[in-house]
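Asker: This one is structure11.cif, mmCIF, C-alpha atoms.
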```cif
data_model
loop_
_atom_site.label_atom_id
_atom_site.label_comp_id
_atom_site.auth_asym_id
_atom_site.auth_seq_id
_atom_site.Cartn_x
_atom_site.Cartn_y
_atom_site.Cartn_z
CA MET Y 1 94.39 128.64 159.73
CA ASN Y 2 97.10 129.62 162.22
CA LEU Y 3 99.91 128.41 159.95
CA SER Y 4 98.57 130.33 156.96
CA VAL Y 5 98.16 133.50 159.04
CA ASP Y 6 101.66 133.05 160.45
CA ILE Y 7 103.24 132.60 157.00
CA SER Y 8 101.33 135.51 155.44
CA GLU Y 9 102.21 137.75 158.38
CA LYS Y 10 105.90 136.97 157.97
CA ILE Y 11 105.79 137.82 154.24
CA ILE Y 12 103.86 141.04 154.79
CA TYR Y 13 105.94 142.03 157.83
CA ARG Y 14 109.15 141.84 155.78
CA HIS Y 15 107.60 143.85 152.96
CA ILE Y 16 106.42 146.55 155.38
CA ARG Y 17 109.88 146.63 156.95
CA LYS Y 18 111.32 147.45 153.49
CA ILE Y 19 108.84 150.30 153.08
CA GLU Y 20 109.81 151.48 156.57
CA ILE Y 21 113.48 151.63 155.52
CA LEU Y 22 112.57 153.81 152.53
CA VAL Y 23 110.41 156.06 154.70
CA TYR Y 24 113.22 156.65 157.20
CA ILE Y 25 115.92 157.32 154.60
CA LEU Y 26 113.78 159.43 152.29
CA PHE Y 27 112.12 161.53 154.97
CA SER Y 28 115.41 162.25 156.70
CA THR Y 29 117.19 163.32 153.53
CA TYR Y 30 114.56 164.77 151.19
CA ILE Y 31 113.90 168.13 152.88
CA PRO Y 32 117.54 168.85 153.92
CA VAL Y 33 118.88 167.96 150.46
CA ASN Y 34 116.26 170.07 148.67
CA TYR Y 35 116.79 173.05 150.94
CA GLY Y 36 120.53 172.67 150.34
CA VAL Y 37 119.98 172.68 146.58
CA GLY Y 38 117.61 175.66 146.92
CA TYR Y 39 120.17 177.57 148.94
CA LEU Y 40 122.88 176.92 146.33
CA LEU Y 41 120.59 177.84 143.45
CA PHE Y 42 118.92 180.94 144.82
CA TYR Y 43 121.38 182.53 147.26
CA ILE Y 44 124.95 181.64 146.36
CA ASN Y 45 124.42 182.12 142.62
CA THR Y 46 122.36 185.27 142.98
CA ILE Y 47 124.68 188.27 142.94
CA HIS Y 48 121.96 190.90 142.82
CA LYS Y 49 119.12 189.91 145.07
CA SER Y 50 115.98 190.08 142.93
CA LYS Y 51 112.78 191.49 144.42
CA TYR Y 52 111.07 188.35 143.18
CA LEU Y 53 113.49 186.06 145.03
CA ASP Y 54 111.17 185.51 148.03
CA SER Y 55 108.26 184.61 145.76
CA ILE Y 56 110.44 182.23 143.75
CA LEU Y 57 111.59 180.61 147.00
CA ASP Y 58 107.97 180.22 148.14
CA LEU Y 59 107.05 178.54 144.87
CA TYR Y 60 110.11 176.30 145.18
CA SER Y 61 109.09 175.33 148.74
CA LEU Y 62 105.55 174.70 147.58
CA PHE Y 63 106.84 172.41 144.85
CA ILE Y 64 109.18 170.54 147.24
CA PHE Y 65 106.46 170.09 149.88
CA GLY Y 66 103.94 169.08 147.21
CA ILE Y 67 106.16 166.18 146.15
CA TYR Y 68 106.90 165.36 149.81
CA ILE Y 69 103.21 165.13 150.69
CA TRP Y 70 102.50 163.05 147.60
CA ILE Y 71 105.28 160.58 148.51
CA ILE Y 72 103.89 160.24 152.05
CA TYR Y 73 100.45 159.55 150.61
CA ILE Y 74 101.76 156.83 148.27
CA TYR Y 75 103.67 155.14 151.10
CA ARG Y 76 100.61 155.12 153.30
CA LEU Y 77 98.55 153.49 150.56
CA LYS Y 78 101.28 150.89 150.02
CA ILE Y 79 101.44 149.97 153.70
CA LYS Y 80 97.66 149.86 153.99
CA LYS Y 81 97.31 147.65 150.92
CA ALA Y 82 100.05 145.27 152.07
CA ALA Y 83 98.55 144.83 155.53
CA GLU Y 84 94.94 144.47 154.33
CA PRO Y 85 94.85 140.63 154.16
CA VAL Y 86 96.10 140.24 157.72
CA TYR Y 87 93.54 142.80 158.81
CA LEU Y 88 90.75 140.90 157.05
CA ILE Y 89 91.68 137.64 158.75
CA LYS Y 90 92.41 139.00 162.19
CA SER Y 91 89.94 141.90 162.43
CA ASN Y 92 87.77 140.13 165.01
CA GLU Y 93 90.60 138.80 167.10
CA LYS Y 94 91.66 140.32 170.38
CA ASN Y 95 94.97 142.22 170.10
CA GLY Y 96 94.76 141.78 166.35
CA PHE Y 97 95.54 144.26 163.63
CA THR Y 98 93.75 147.60 163.82
CA TYR Y 99 93.92 150.66 161.61
CA PRO Y 100 94.35 154.03 163.28
CA MET Y 101 91.02 155.81 163.30
CA ILE Y 102 92.24 158.98 161.57
CA ASN Y 103 90.95 159.75 158.10
CA GLY Y 104 94.03 159.93 155.88
CA ASN Y 105 92.41 161.99 153.12
CA LEU Y 106 91.30 164.67 155.56
CA VAL Y 107 94.80 165.06 157.01
CA PHE Y 108 96.24 165.12 153.50
CA LEU Y 109 93.86 167.97 152.64
CA ILE Y 110 94.75 169.96 155.80
CA LEU Y 111 98.45 169.58 155.02
CA LEU Y 112 97.97 170.72 151.45
CA ILE Y 113 95.82 173.73 152.46
CA ALA Y 114 98.45 174.72 155.05
CA VAL Y 115 101.26 174.70 152.49
CA ILE Y 116 99.22 176.59 149.86
CA LEU Y 117 98.00 179.17 152.42
CA SER Y 118 101.53 179.69 153.65
CA ALA Y 119 102.81 180.34 150.12
CA PHE Y 120 99.79 182.58 149.39
CA PHE Y 121 100.30 184.78 152.49
CA ASP Y 122 104.01 185.07 151.76
CA MET Y 123 103.58 185.91 148.08
CA TYR Y 124 100.96 188.60 148.69
CA GLY Y 125 102.69 189.87 151.81
CA LEU Y 126 99.59 189.50 153.97
CA THR Y 127 100.56 190.02 157.59
CA GLY Y 128 98.80 188.94 160.73
CA TYR Y 129 97.74 185.58 159.30
CA GLU Y 130 101.15 183.89 159.10
CA LEU Y 131 100.56 181.70 162.12
CA ILE Y 132 97.38 180.09 160.74
CA PRO Y 133 99.15 177.92 158.13
CA VAL Y 134 101.98 177.23 160.59
CA TYR Y 135 99.55 175.79 163.15
CA LEU Y 136 97.60 173.96 160.46
CA PHE Y 137 100.82 172.48 159.16
CA PHE Y 138 101.90 171.53 162.67
CA VAL Y 139 98.62 169.78 163.54
CA ALA Y 140 98.49 168.03 160.16
CA THR Y 141 102.08 166.80 160.42
CA ILE Y 142 101.50 165.38 163.90
CA LEU Y 143 98.36 163.63 162.62
CA TRP Y 144 100.31 162.33 159.63
CA PHE Y 145 102.92 160.93 161.96
CA VAL Y 146 100.28 159.13 164.03
CA LEU Y 147 98.60 157.93 160.85
CA ILE Y 148 101.69 156.69 159.00
CA PHE Y 149 103.42 155.21 161.99
CA GLY Y 150 100.22 154.02 163.58
CA THR Y 151 99.64 152.03 160.38
CA LEU Y 152 103.27 151.00 160.21
CA TYR Y 153 103.82 150.05 163.84
CA ARG Y 154 100.47 148.42 164.40
CA SER Y 155 100.38 146.72 161.01
CA ILE Y 156 101.04 143.39 162.58
CA GLY Y 157 99.47 143.26 166.00
CA LYS Y 158 101.72 140.86 167.80
CA ARG Y 159 105.09 142.33 166.85
CA LYS Y 160 106.88 144.60 169.28
CA LEU Y 161 108.61 147.87 168.46
CA ILE Y 162 112.34 147.44 168.03
CA GLY Y 163 115.04 149.78 169.32
CA VAL Y 164 115.54 151.85 166.17
CA GLU Y 165 111.79 152.40 165.81
CA ILE Y 166 111.66 153.78 169.35
CA LEU Y 167 114.70 155.93 168.53
CA ALA Y 168 112.97 157.23 165.38
CA SER Y 169 109.82 158.08 167.35
CA ILE Y 170 111.82 159.97 169.98
CA GLY Y 171 113.85 161.65 167.21
CA PHE Y 172 110.67 162.83 165.52
CA SER Y 173 109.08 164.12 168.74
CA VAL Y 174 112.18 165.98 169.95
CA GLY Y 175 113.33 167.13 166.50
CA TYR Y 176 109.98 168.24 165.15
CA LEU Y 177 108.61 169.90 168.30
CA GLY Y 178 111.99 171.46 169.08
CA GLY Y 179 112.44 172.62 165.48
CA MET Y 180 108.97 174.15 165.41
CA PHE Y 181 109.00 175.92 168.79
CA ILE Y 182 112.61 176.31 169.96
CA SER Y 183 115.20 176.40 167.18
CA SER Y 184 115.58 175.10 163.61
CA PHE Y 185 118.68 173.23 164.75
CA PHE Y 186 116.43 170.68 166.43
CA TYR Y 187 115.45 169.41 162.96
CA ILE Y 188 118.95 167.92 162.83
CA VAL Y 189 117.91 165.48 165.62
CA PHE Y 190 115.03 164.34 163.43
CA THR Y 191 117.26 163.94 160.36
CA VAL Y 192 120.10 162.14 162.15
CA THR Y 193 117.92 159.67 164.11
CA TRP Y 194 115.83 158.77 161.06
CA LEU Y 195 118.84 158.40 158.81
CA PHE Y 196 120.49 156.17 161.40
CA SER Y 197 117.31 154.05 161.79
CA GLY Y 198 116.97 153.71 158.01
CA ILE Y 199 120.58 152.68 157.42
CA TYR Y 200 120.53 150.30 160.41
CA LEU Y 201 117.40 148.52 159.17
CA PHE Y 202 118.70 148.46 155.58
CA LEU Y 203 121.95 146.77 156.64
CA GLU Y 204 120.02 144.32 158.81
CA ASN Y 205 117.75 143.47 155.88
CA GLU Y 206 120.72 143.00 153.51
CA ARG Y 207 122.50 140.79 156.04
CA ASP Y 208 119.41 138.54 156.41
CA THR Y 209 118.97 138.29 152.63
CA HIS Y 210 122.60 137.39 151.88
CA HIS Y 211 122.80 135.06 154.83
CA GLU Y 212 120.51 132.60 153.04
CA MET M 1 73.62 123.31 153.44
CA ASN M 2 75.63 126.22 152.09
CA ASP M 3 77.97 126.03 155.08
CA ASP M 4 78.57 122.34 154.36
CA ARG M 5 79.51 123.25 150.79
CA ASP M 6 81.94 125.93 152.02
CA PHE M 7 83.42 123.52 154.52
CA ASN M 8 83.82 120.85 151.83
CA GLU M 9 85.45 123.44 149.57
CA ILE M 10 88.10 124.17 152.19
CA VAL M 11 88.70 120.52 153.08
CA GLY M 12 88.68 119.28 149.49
CA ASP M 13 90.81 122.03 147.98
CA ASP M 14 94.51 121.27 147.67
CA LEU M 15 95.32 124.93 148.21
CA TYR M 16 93.27 125.51 151.36
CA SER M 17 94.31 122.19 152.87
CA SER M 18 97.90 123.41 153.07
CA GLY M 19 98.45 126.28 155.51
CA ILE M 20 101.80 127.15 153.90
CA ARG M 21 100.37 127.52 150.38
CA THR M 22 97.40 129.51 151.64
CA GLY M 23 99.77 131.69 153.69
CA ILE M 24 102.04 132.38 150.70
CA LEU M 25 99.03 133.30 148.55
CA ILE M 26 97.51 135.57 151.23
CA GLY M 27 100.89 137.28 151.68
CA LEU M 28 101.21 137.79 147.93
CA TYR M 29 97.66 139.17 147.80
CA GLY M 30 98.87 142.14 149.86
CA ILE M 31 102.18 142.77 148.13
CA ASN M 32 101.62 141.45 144.57
CA LYS M 33 105.20 140.27 143.91
CA ILE M 34 108.23 139.02 145.80
CA THR M 35 111.61 137.54 144.94
CA PHE M 36 112.34 133.89 145.72
CA THR M 37 115.11 134.85 148.19
CA GLU M 38 112.85 137.30 150.02
CA LEU M 39 110.15 134.66 150.27
CA LEU M 40 112.67 132.12 151.53
CA VAL M 41 113.98 134.51 154.19
CA SER M 42 110.58 135.75 155.32
CA THR M 43 108.90 132.35 155.60
CA GLY M 44 111.93 130.51 156.98
CA LEU M 45 110.98 127.39 154.98
CA PRO M 46 113.58 124.98 153.58
CA LYS M 47 114.43 125.69 149.92
CA SER M 48 113.13 122.33 148.65
CA SER M 49 109.85 122.72 150.51
CA LEU M 50 109.33 126.24 149.16
CA TYR M 51 110.11 125.01 145.62
CA SER M 52 107.45 122.32 145.82
CA HIS M 53 104.81 124.72 147.19
CA LEU M 54 105.60 127.25 144.46
CA LYS M 55 105.50 124.52 141.83
CA PHE M 56 101.98 123.62 142.95
CA LEU M 57 100.84 127.25 143.00
CA ASN M 58 102.38 127.81 139.56
CA GLU M 59 100.75 124.71 138.06
CA MET M 60 97.37 125.78 139.42
CA LYS M 61 98.01 129.22 137.84
CA TYR M 62 97.66 131.01 141.17
CA VAL M 63 101.14 132.54 140.78
CA THR M 64 103.69 133.07 138.01
CA VAL M 65 107.37 132.31 138.59
CA LYS M 66 109.79 134.13 136.29
CA THR M 67 113.52 134.77 136.35
CA GLU M 68 114.29 138.32 135.30
CA LEU M 69 117.48 140.31 134.85
CA THR M 70 117.90 143.10 137.37
CA LEU M 71 120.70 145.64 137.86
CA ARG M 72 122.28 143.50 140.59
CA ARG M 73 121.77 139.94 139.30
CA PRO M 74 119.14 137.67 137.77
CA MET M 75 116.29 137.23 140.23
CA THR M 76 113.30 134.93 140.40
CA PHE M 77 110.08 136.86 140.88
CA ILE M 78 106.86 135.31 142.12
CA ARG M 79 103.70 137.22 141.21
CA ILE M 80 100.11 136.50 142.18
CA THR M 81 97.69 136.07 139.24
CA GLU M 82 94.05 137.16 139.02
CA THR M 83 93.01 133.53 139.63
CA GLY M 84 95.16 133.53 142.77
CA LYS M 85 93.60 136.78 143.98
CA GLU M 86 90.13 135.38 143.38
CA LYS M 87 91.05 132.32 145.43
CA VAL M 88 92.20 134.50 148.36
CA ARG M 89 89.02 136.62 148.18
CA ASN M 90 86.99 133.40 148.24
CA TYR M 91 88.93 132.28 151.31
CA PHE M 92 88.14 135.56 153.08
CA VAL M 93 84.42 135.18 152.27
CA ILE M 94 84.34 131.64 153.70
CA ILE M 95 86.23 132.69 156.84
CA GLU M 96 83.88 135.65 157.34
CA LYS M 97 80.80 133.43 156.91
CA TYR M 98 82.21 130.93 159.38
CA ARG M 99 82.86 133.71 161.88
CA ARG M 100 79.33 135.11 161.55
CA ASN M 101 77.78 131.67 161.96
CA LYS M 102 79.85 131.12 165.06
CA GLU M 103 78.64 134.43 166.52
CA THR M 104 74.97 133.79 165.83
CA GLU M 105 75.08 130.14 166.91
CA PRO M 106 73.18 129.66 170.20
CA ASP M 107 75.26 128.44 173.15
CA ARG M 108 74.83 124.76 173.78
#
```
In structure tokens, write the structure found in this file.

Answerer:
Amino acid sequence: MNLSVDISEKIIYRHIRKIEILVYILFSTYIPVNYGVGYLLFYINTIHKSKYLDSILDLYSLFIFGIYIWIIYIYRLKIKKAAEPVYLIKSNEKNGFTYPMINGNLVFLILLIAVILSAFFDMYGLTGYELIPVYLFFVATILWFVLIFGTLYRSIGKRKLIGVEILASIGFSVGYLGGMFISSFFYIVFTVTWLFSGIYLFLENERDTHHE
Amino acid sequence: MNDDRDFNEIVGDDLYSSGIRTGILIGLYGINKITFTELLVSTGLPKSSLYSHLKFLNEMKYVTVKTELTLRRPMTFIRITETGKEKVRNYFVIIEKYRRNKETEPDR
């Protein structure tokens, strides 16, 4: 049984690593690229600032975040499905594979409500409630991070975190917390570290594949 | 009696008796398809050995092996079939039963 578990783990581990590469590259580029496009579309090309511009921007953000959340959800399902067989075999073993105990659907719902509430308050100009969706969004994103990367990092119990994964975790913590509470410029830390981790792992994967 | 039948199924089955074949099938159960090169790199098996294991799995209709044109180059894809999935599920059931029996077995 050990040989079969070892072989299946190796296959699944490599597959998960490929998903991880996509997660790093996509997450680090998706929001900055879309905000860049939004800026070009709505500000640079708008000579007379329309009174509806803020509402249009809110709808645009809602659309961008909607797709973002959906992509995260699909990735999580993919990782979970890939790692399921190893979990089934090793579930009773000490130090074996374990799923994080957070309910993914619940976090998904909180994240979605936060984004919709935020757009709703902005569109109807309701003041005094702005911080509610911000905090909801913040809590949900942190939970998502634990959920996605808990699943990703702990997907195969015996493997250790590698350097770029530690860098990505630090990049997320510093970039996201800093961006949320100190200055938007901190988001750059998140983008740069994740892009670096993604490209590094992609090149490593390509090198291994062509080496054979 | 049932346990003996399960045990005989594992021992007597050409798939279960080979850890490599079982491992490949369990791995494919989670990811559905993989290219030959990816499988070769991830398992670290010699090419000839992997060929023979895939040939067996293909003949037993547990996987399909097809060369397809992709944007980069032609690639050989290995996909798990429904029969293959059923075989893995059966393996999980037997392992689970074995585990439960072991837990309930009185200490000797």

Asker: Select, from Y:Val5, Y:Leu77, Y:Ile71, Y:Met180, the residue with the minimum atom-to-atom distance to Phe138 in chain Y, counting all atoms listed in the file.

Answerer: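 Smallest distance to Phe138 in chain Y is found for Y:Met180.
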
Asker: Ranking Y:Lys78, Y:Pro32, Y:Glu165, Y:Tyr39 by minimum distance to chain M and counting all atoms listed in the file, which one comes first?

Answerer: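 Comparing Y:Lys78, Y:Pro32, Y:Glu165, Y:Tyr39 against chain M, the winner is Y:Lys78.
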
Asker: What does the structure give for the distance between CA of Leu26 in chain Y and CA of Gly27 in chain M, in Å to one decimal?

Answerer: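 Straight-line distance from CA of Leu26 in chain Y to CA of Gly27 in chain M works out to 25.6 Å.
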
Asker: Work out how far CA of Asn58 in chain M is from CA of Tyr16 in chain M, in Å to one decimal.

Answerer: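 Interatomic distance here is 15.1 Å.
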
Asker: Applied to this file, what does the PyMOL selection byres ((chain Y) within 10 of (chain M)) return in terms of residues, put as JSON, numbers by chain?

Answerer: {"Y": [1, 2, 3, 4, 5, 6, 7, 8, 9, 10, 11, 12, 13, 14, 15, 16, 78, 79, 80, 81, 82, 83, 84, 85, 86, 88, 89, 92, 205, 208, 209, 210, 211, 212]}

Asker: What is the distance between CA of Glu20 in chain Y and CA of Gly198 in chain Y, in Å to one decimal?

Answerer: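 Computing the Euclidean distance for CA of Glu20 in chain Y and CA of Gly198 in chain Y yields 7.6 Å.
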